[in-house]
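Trainee: Next up is a structure, given as structure tokens.
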Amino acid sequence: SLVGPRRRAARTSSPSSKQGRVWMERDPNQHLEDLYFKWRNCRKCENACKDQTPNVCDGRTHIVFGTGNPSADILVIGIAPGEAEDKSGIPFSAETGVVRDEFLRDAGLARAEIYSHNLIACRPYVEVTDQWRGGIKRENRDPNAEERRNCRALLNEIIYTVDPLVIVGMGKPVVAELTGLRSITMTKMVGEVMQCTIPGRTGDPIPYTFIPMFNPAFLSRLPDRSEGSHWWKTRIAWQRLTYITDHLRKAYYGEKPPTRPFKKEDVFTAEMK
């Protein structure tokens, strides 16, 4: 009942279509559903916070599981669910999703074409005093090292199952977790083509093309969308990502890359050269 990685079949058999990449013994939808039921009541992080920070198990409404095309060529990984995602159980369903989907539309992509998940599946938060309304409120925080470690097995299984051509890491914690880099400057790394290595089930490491992007929550707080801004650079990076993916499709599937619409043609062409 093992699943993936399917890209190995493409490397050895030179398939003429995407179906040549698929050699799974199980339907990916079924495997993802099984993963959800296996993890939905997870209590691994009950003792992950050593101070007075609430643990994610007791505070969650729902586990936030991945959604999208289970055979997607692009896998987008965010940092962690927020308040709205915790209530809905769907990743990127709040303002961060609106921001990310705007970049997808600009690049000629649809939400249904990709698969989305987070570094951890529960909302990490702290409790602080509400200065305006009184009482206590919850604010988002980055997942700590133990929470990331506890959820890594689920993330790996999702990567094995989707087996994308490109992994997009949105935010510094995702870049650090998947690349192992300690020194990260997102302003210099956004849109760069990198490699991350996932430990395979058989012990062999599996390399994936990896592209860092800004966290959508960070971008949503920035009003400047002019040329040269972080927002502008991210839009160009998403447009460039579609061309990188298209050429990887041609390499792995033997398909002719489709013609995609994009904005700022002169800038994009200059970057590609």
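In the structure tokens, chains take letters A, B, ... by order of appearance, with residues numbered from 1 within each chain and ligands from 1 in the order shown.
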Can you tell me which residues surround Ile167 in chain A at a distance of at most 7 Å, considering only C-alpha atoms, apart from same-chain residues fewer than 6 positions away, and format the answer as a list of chain:residue names?
Mentor: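 Near neighbours after the sequence-gap exclusion: A:Ile74, A:Leu75, A:Val76, A:Tyr208, A:Thr209, A:Phe210, A:Ile211.
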Trainee: Emit the selected residues as a PDB file, in the first residue's frame, including N, CA, C and O atoms.
Mentor:
```pdb
ATOM      1  N   ILE A  74       2.146  21.387  -8.538  1.00  0.00           N
ATOM      2  CA  ILE A  74       2.606  22.416  -7.608  1.00  0.00           C
ATOM      3  C   ILE A  74       1.995  22.159  -6.239  1.00  0.00           C
ATOM      4  O   ILE A  74       0.772  22.105  -6.096  1.00  0.00           O
ATOM      5  N   LEU A  75       2.838  21.999  -5.239  1.00  0.00           N
ATOM      6  CA  LEU A  75       2.405  21.840  -3.853  1.00  0.00           C
ATOM      7  C   LEU A  75       2.802  23.101  -3.090  1.00  0.00           C
ATOM      8  O   LEU A  75       3.981  23.459  -3.039  1.00  0.00           O
ATOM      9  N   VAL A  76       1.816  23.793  -2.517  1.00  0.00           N
ATOM     10  CA  VAL A  76       2.052  25.023  -1.769  1.00  0.00           C
ATOM     11  C   VAL A  76       1.974  24.706  -0.277  1.00  0.00           C
ATOM     12  O   VAL A  76       0.975  24.149   0.196  1.00  0.00           O
ATOM     13  N   TYR A 208      13.467  17.569  -4.469  1.00  0.00           N
ATOM     14  CA  TYR A 208      12.379  18.295  -5.118  1.00  0.00           C
ATOM     15  C   TYR A 208      12.829  19.717  -5.445  1.00  0.00           C
ATOM     16  O   TYR A 208      13.605  20.327  -4.694  1.00  0.00           O
ATOM     17  N   THR A 209      12.335  20.231  -6.553  1.00  0.00           N
ATOM     18  CA  THR A 209      12.532  21.645  -6.856  1.00  0.00           C
ATOM     19  C   THR A 209      11.733  22.456  -5.839  1.00  0.00           C
ATOM     20  O   THR A 209      10.556  22.188  -5.598  1.00  0.00           O
ATOM     21  N   PHE A 210      12.372  23.448  -5.251  1.00  0.00           N
ATOM     22  CA  PHE A 210      11.769  24.224  -4.158  1.00  0.00           C
ATOM     23  C   PHE A 210      11.911  25.711  -4.456  1.00  0.00           C
ATOM     24  O   PHE A 210      12.984  26.169  -4.840  1.00  0.00           O
ATOM     25  N   ILE A 211      10.820  26.447  -4.287  1.00  0.00           N
ATOM     26  CA  ILE A 211      10.830  27.899  -4.532  1.00  0.00           C
ATOM     27  C   ILE A 211      10.243  28.628  -3.328  1.00  0.00           C
ATOM     28  O   ILE A 211       9.075  28.415  -2.980  1.00  0.00           O
TER      29      ILE A 211
END
```
Trainee: Any chance you could tabulate, as a Markdown table, the residues of range 99-179 of chain A at most 7 Å from range 55-68 of chain A with each one's nearest atom pair and distance in Å to one decimal, using only C-alpha atoms, in chain and rising number order?
Mentor:
```
| residue | atom | partner | partner_atom | distance |
| --- | --- | --- | --- | --- |
| A:Ala112 | CA | A:Gly68 | CA | 5.3 |
| A:Glu113 | CA | A:Gly68 | CA | 6.9 |
| A:Ile114 | CA | A:Gly68 | CA | 5.7 |
| A:Tyr115 | CA | A:Gly68 | CA | 4.3 |
| A:Ser116 | CA | A:Gly66 | CA | 5.3 |
| A:His117 | CA | A:Gly66 | CA | 4.2 |
| A:Ala121 | CA | A:Val64 | CA | 4.9 |
| A:Cys122 | CA | A:Ile63 | CA | 5.3 |
| A:Arg123 | CA | A:Val56 | CA | 6.1 |
| A:Pro124 | CA | A:Val56 | CA | 5.5 |
```
Trainee: Once DSSP has gone over the backbone, tell me which residues of range 22-231 of chain A are in strand (DSSP E), as a ChimeraX atom specification.
Mentor: /A:67-68,74-78,115-118,125-129,136-140,166-170,194-199,205-213
Trainee: So which residues touch range 214-229 of chain A within 8 Å, counting only C-alpha atoms, skipping near sequence neighbours fewer than 3 positions away, as a PyMOL selection string?
Mentor: chain A and resi 78-79+95-97+99-100+170-172+186+190+232-234
Trainee: To one decimal place in Å, what is the distance between CA of Leu165 in chain A and CA of Tyr243 in chain A?
Mentor: 12.2 Å
Trainee: Report the distance between CA of Leu119 in chain A and CA of Ala80 in chain A in Å, rounded to one decimal place.
Mentor: 5.9 Å
Trainee: Skip range 134-142 of chain A itself and residues of its chain fewer than 3 positions away, then list as a list in words all residues within 8 Å of it, counting only C-alpha atoms.
Mentor: Ile79, Ala80, Gly82, Glu83, Arg123, Pro124, Tyr125, Val126, Glu127, Val128, Thr129, Asp130, Gln131 and Pro173 of chain A
Trainee: Smallest atom-to-atom distance to Val162 in chain A: which of A:Gln30, A:Thr197, A:Thr245, A:Asn69, using only C-alpha atoms?
Mentor: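 Nearest to Val162 in chain A: A:Asn69.
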Trainee: If you measure from CA of Ile184 in chain A to CA of Leu104 in chain A, what distance in Å do you get, rounded to one decimal?
Mentor: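 Between these atoms lies a distance of 24.6 Å.
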Trainee: Ranking A:Asp73, A:Glu33, A:Asp27, A:Asp86 by minimum distance to Thr242 in chain A and counting only C-alpha atoms, which one comes first?
Mentor: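 Smallest distance to Thr242 in chain A is found for A:Asp73.
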